[in-house]
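Worksheet: one structure, shown below.
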Amino acid sequence: MNIEEFRDYCISKPVVTECFPFDEVTLVFKVAGKIFALTSLDKDFAINLKCDPERAITLRETYPAIQPGYHMNKTHWNTINVDGSIDEDLLKELIDHSYNLIVNSLTKKARAENGL
């Protein structure tokens, strides 16, 4: 997966927006206004994704390319170095997992307002 495929996959999900809220090089993807994925455009391709804390530990122990979230809450976020060592299907599943964690954290009202 390259950065264009990552972007296309993220924005294909319902109610996703993309923005640069921090600077001109940090691309952020939000669902209903809450961040579920981000990447830097000026460094090696790595993505930050939200993750269930127990699963995050298992992923970090299994895959050297998955580390605690850079500049994020290290309990709930992983940084994934997209260096070819992680299968594209797993990357997509981790993006889905992050997206779903955010959607499920929304109130019933917020989900209804956003058609989720």
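Residues are named by chain letter and number: chains run A, B, ... in the order of the structure tokens, numbers start at 1 in each chain, and ligands are numbered from 1 in the order shown.
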For the strand (DSSP E or B) assignment from backbone DSSP, which residues of chain A qualify? Please present them as a PDB file with N, CA, C and O atoms, in the first residue's frame.
```
ATOM      1  N   VAL A  16     -16.238  10.416   6.164  1.00  0.00           N
ATOM      2  CA  VAL A  16     -14.827  10.711   6.416  1.00  0.00           C
ATOM      3  C   VAL A  16     -14.442  12.023   5.737  1.00  0.00           C
ATOM      4  O   VAL A  16     -14.825  12.280   4.597  1.00  0.00           O
ATOM      5  N   THR A  17     -13.704  12.828   6.475  1.00  0.00           N
ATOM      6  CA  THR A  17     -13.135  14.052   5.922  1.00  0.00           C
ATOM      7  C   THR A  17     -11.627  13.992   6.110  1.00  0.00           C
ATOM      8  O   THR A  17     -11.123  13.269   6.974  1.00  0.00           O
ATOM      9  N   GLU A  18     -10.931  14.753   5.287  1.00  0.00           N
ATOM     10  CA  GLU A  18      -9.480  14.850   5.435  1.00  0.00           C
ATOM     11  C   GLU A  18      -9.118  16.312   5.616  1.00  0.00           C
ATOM     12  O   GLU A  18      -9.797  17.201   5.100  1.00  0.00           O
ATOM     13  N   CYS A  19      -8.064  16.556   6.390  1.00  0.00           N
ATOM     14  CA  CYS A  19      -7.658  17.928   6.661  1.00  0.00           C
ATOM     15  C   CYS A  19      -6.197  17.959   7.122  1.00  0.00           C
ATOM     16  O   CYS A  19      -5.568  16.916   7.301  1.00  0.00           O
ATOM     17  N   THR A  26       0.945  17.086   7.854  1.00  0.00           N
ATOM     18  CA  THR A  26       0.297  16.003   8.587  1.00  0.00           C
ATOM     19  C   THR A  26      -1.140  15.866   8.097  1.00  0.00           C
ATOM     20  O   THR A  26      -1.998  16.689   8.421  1.00  0.00           O
ATOM     21  N   LEU A  27      -1.371  14.826   7.292  1.00  0.00           N
ATOM     22  CA  LEU A  27      -2.688  14.560   6.719  1.00  0.00           C
ATOM     23  C   LEU A  27      -3.506  13.746   7.713  1.00  0.00           C
ATOM     24  O   LEU A  27      -3.076  12.679   8.161  1.00  0.00           O
ATOM     25  N   VAL A  28      -4.682  14.271   8.065  1.00  0.00           N
ATOM     26  CA  VAL A  28      -5.523  13.678   9.097  1.00  0.00           C
ATOM     27  C   VAL A  28      -6.865  13.264   8.486  1.00  0.00           C
ATOM     28  O   VAL A  28      -7.452  14.003   7.701  1.00  0.00           O
ATOM     29  N   PHE A  29      -7.326  12.081   8.882  1.00  0.00           N
ATOM     30  CA  PHE A  29      -8.634  11.592   8.452  1.00  0.00           C
ATOM     31  C   PHE A  29      -9.526  11.496   9.681  1.00  0.00           C
ATOM     32  O   PHE A  29      -9.126  10.951  10.706  1.00  0.00           O
ATOM     33  N   LYS A  30     -10.734  12.051   9.547  1.00  0.00           N
ATOM     34  CA  LYS A  30     -11.682  12.076  10.655  1.00  0.00           C
ATOM     35  C   LYS A  30     -12.998  11.449  10.218  1.00  0.00           C
ATOM     36  O   LYS A  30     -13.386  11.561   9.054  1.00  0.00           O
ATOM     37  N   VAL A  31     -13.683  10.830  11.172  1.00  0.00           N
ATOM     38  CA  VAL A  31     -15.050  10.376  10.972  1.00  0.00           C
ATOM     39  C   VAL A  31     -15.891  11.132  11.986  1.00  0.00           C
ATOM     40  O   VAL A  31     -15.576  11.132  13.178  1.00  0.00           O
ATOM     41  N   LYS A  34     -13.887  13.217  14.418  1.00  0.00           N
ATOM     42  CA  LYS A  34     -12.908  12.599  15.325  1.00  0.00           C
ATOM     43  C   LYS A  34     -11.845  11.855  14.511  1.00  0.00           C
ATOM     44  O   LYS A  34     -12.163  11.116  13.586  1.00  0.00           O
ATOM     45  N   ILE A  35     -10.599  12.033  14.903  1.00  0.00           N
ATOM     46  CA  ILE A  35      -9.469  11.441  14.177  1.00  0.00           C
ATOM     47  C   ILE A  35      -9.464   9.921  14.310  1.00  0.00           C
ATOM     48  O   ILE A  35      -9.580   9.389  15.406  1.00  0.00           O
ATOM     49  N   PHE A  36      -9.276   9.236  13.161  1.00  0.00           N
ATOM     50  CA  PHE A  36      -9.062   7.791  13.207  1.00  0.00           C
ATOM     51  C   PHE A  36      -7.773   7.381  12.501  1.00  0.00           C
ATOM     52  O   PHE A  36      -7.290   6.269  12.700  1.00  0.00           O
ATOM     53  N   ALA A  37      -7.178   8.282  11.707  1.00  0.00           N
ATOM     54  CA  ALA A  37      -5.928   7.953  11.017  1.00  0.00           C
ATOM     55  C   ALA A  37      -5.195   9.241  10.659  1.00  0.00           C
ATOM     56  O   ALA A  37      -5.818  10.269  10.392  1.00  0.00           O
ATOM     57  N   LEU A  38      -3.866   9.169  10.663  1.00  0.00           N
ATOM     58  CA  LEU A  38      -3.069  10.294  10.205  1.00  0.00           C
ATOM     59  C   LEU A  38      -1.723   9.814   9.707  1.00  0.00           C
ATOM     60  O   LEU A  38      -1.268   8.723  10.058  1.00  0.00           O
ATOM     61  N   THR A  39      -1.110  10.642   8.863  1.00  0.00           N
ATOM     62  CA  THR A  39       0.197  10.327   8.299  1.00  0.00           C
ATOM     63  C   THR A  39       0.923  11.623   7.991  1.00  0.00           C
ATOM     64  O   THR A  39       0.306  12.671   7.810  1.00  0.00           O
ATOM     65  N   SER A  40       2.234  11.531   7.923  1.00  0.00           N
ATOM     66  CA  SER A  40       3.048  12.684   7.552  1.00  0.00           C
ATOM     67  C   SER A  40       3.394  12.570   6.075  1.00  0.00           C
ATOM     68  O   SER A  40       3.704  11.479   5.581  1.00  0.00           O
ATOM     69  N   ALA A  46       4.466   6.259   7.118  1.00  0.00           N
ATOM     70  CA  ALA A  46       4.009   5.624   8.359  1.00  0.00           C
ATOM     71  C   ALA A  46       2.641   6.208   8.670  1.00  0.00           C
ATOM     72  O   ALA A  46       2.361   7.364   8.356  1.00  0.00           O
ATOM     73  N   ILE A  47       1.792   5.384   9.273  1.00  0.00           N
ATOM     74  CA  ILE A  47       0.449   5.843   9.615  1.00  0.00           C
ATOM     75  C   ILE A  47       0.184   5.602  11.097  1.00  0.00           C
ATOM     76  O   ILE A  47       0.685   4.637  11.670  1.00  0.00           O
ATOM     77  N   ASN A  48      -0.579   6.499  11.689  1.00  0.00           N
ATOM     78  CA  ASN A  48      -1.029   6.333  13.065  1.00  0.00           C
ATOM     79  C   ASN A  48      -2.488   5.918  13.021  1.00  0.00           C
ATOM     80  O   ASN A  48      -3.299   6.559  12.347  1.00  0.00           O
ATOM     81  N   LEU A  49      -2.798   4.840  13.748  1.00  0.00           N
ATOM     82  CA  LEU A  49      -4.158   4.321  13.808  1.00  0.00           C
ATOM     83  C   LEU A  49      -4.526   4.017  15.251  1.00  0.00           C
ATOM     84  O   LEU A  49      -3.702   3.526  16.025  1.00  0.00           O
ATOM     85  N   LYS A  50      -5.771   4.281  15.587  1.00  0.00           N
ATOM     86  CA  LYS A  50      -6.287   3.936  16.911  1.00  0.00           C
ATOM     87  C   LYS A  50      -6.415   2.410  16.992  1.00  0.00           C
ATOM     88  O   LYS A  50      -6.668   1.748  15.983  1.00  0.00           O
ATOM     89  N   ILE A  66       5.236  -2.231  13.738  1.00  0.00           N
ATOM     90  CA  ILE A  66       4.176  -1.596  14.522  1.00  0.00           C
ATOM     91  C   ILE A  66       4.742  -1.215  15.887  1.00  0.00           C
ATOM     92  O   ILE A  66       5.216  -2.055  16.639  1.00  0.00           O
ATOM     93  N   GLN A  67       4.683   0.088  16.162  1.00  0.00           N
ATOM     94  CA  GLN A  67       5.244   0.649  17.384  1.00  0.00           C
ATOM     95  C   GLN A  67       4.179   1.474  18.111  1.00  0.00           C
ATOM     96  O   GLN A  67       3.158   1.816  17.526  1.00  0.00           O
ATOM     97  N   PRO A  68       4.423   1.823  19.377  1.00  0.00           N
ATOM     98  CA  PRO A  68       3.488   2.721  20.067  1.00  0.00           C
ATOM     99  C   PRO A  68       3.333   4.021  19.272  1.00  0.00           C
ATOM    100  O   PRO A  68       4.273   4.484  18.625  1.00  0.00           O
ATOM    101  N   TRP A  77      -2.960   4.149  20.530  1.00  0.00           N
ATOM    102  CA  TRP A  77      -2.558   4.414  19.148  1.00  0.00           C
ATOM    103  C   TRP A  77      -1.287   3.653  18.791  1.00  0.00           C
ATOM    104  O   TRP A  77      -0.385   3.522  19.614  1.00  0.00           O
ATOM    105  N   ASN A  78      -1.233   3.187  17.553  1.00  0.00           N
ATOM    106  CA  ASN A  78      -0.048   2.552  16.998  1.00  0.00           C
ATOM    107  C   ASN A  78       0.463   3.366  15.826  1.00  0.00           C
ATOM    108  O   ASN A  78      -0.327   3.963  15.083  1.00  0.00           O
ATOM    109  N   THR A  79       1.768   3.374  15.647  1.00  0.00           N
ATOM    110  CA  THR A  79       2.378   3.885  14.425  1.00  0.00           C
ATOM    111  C   THR A  79       2.835   2.674  13.632  1.00  0.00           C
ATOM    112  O   THR A  79       3.531   1.795  14.163  1.00  0.00           O
ATOM    113  N   ILE A  80       2.407   2.624  12.387  1.00  0.00           N
ATOM    114  CA  ILE A  80       2.740   1.503  11.515  1.00  0.00           C
ATOM    115  C   ILE A  80       3.654   2.015  10.416  1.00  0.00           C
ATOM    116  O   ILE A  80       3.259   2.857   9.609  1.00  0.00           O
ATOM    117  N   ASN A  81       4.884   1.525  10.395  1.00  0.00           N
ATOM    118  CA  ASN A  81       5.811   1.865   9.322  1.00  0.00           C
ATOM    119  C   ASN A  81       5.448   0.999   8.121  1.00  0.00           C
ATOM    120  O   ASN A  81       5.574  -0.221   8.180  1.00  0.00           O
TER     121      ASN A  81
END
```
For Asp83 of chain A: contacts at 10 Å, only C-alpha atoms, fewer than 3 positions along chain excluded, given as a list in words: Met1, Asn2, Asp44, Phe45, Ala46, Ala65, Ile80, Ile86 and Asp87 of chain A
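Taking only C-alpha atoms into account, Asp23 of chain A lies nearest to A:Leu41 out of the set A:Leu41, A:Asp89, A:Glu4, A:Glu113.
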DSSP-assigned alpha helix (DSSP H) among chain A, expressed as JSON, numbers by chain: {"A": [3, 4, 5, 6, 7, 8, 9, 10, 11, 53, 54, 55, 56, 57, 58, 59, 60, 61, 62, 88, 89, 90, 91, 92, 93, 94, 95, 96, 97, 98, 99, 100, 101, 102, 103, 104, 105, 108, 109, 110, 111, 112, 113]}
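Taking atom CA of Glu88 of chain A as the reference point, atom CA of Leu116 of chain A is found at 25.6 Å.
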Minimum-distance residue to Asp8 of chain A, chosen among A:Ile95, A:Ala110, A:Val82, A:Ile102 (using only C-alpha atoms):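 Residue with the minimum atom-to-atom distance to Asp8 of chain A: A:Ile95.
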From A:Asn100, A:Thr107, A:Lys74, A:Thr58, residue lying nearest Pro14 of chain A [only C-alpha atoms]: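 That would be A:Asn100, the residue with the smallest distance to Pro14 of chain A.
Of note, atom CA of His97 of chain A and atom CA of Arg55 of chain A are spaced 10.4 Å apart.
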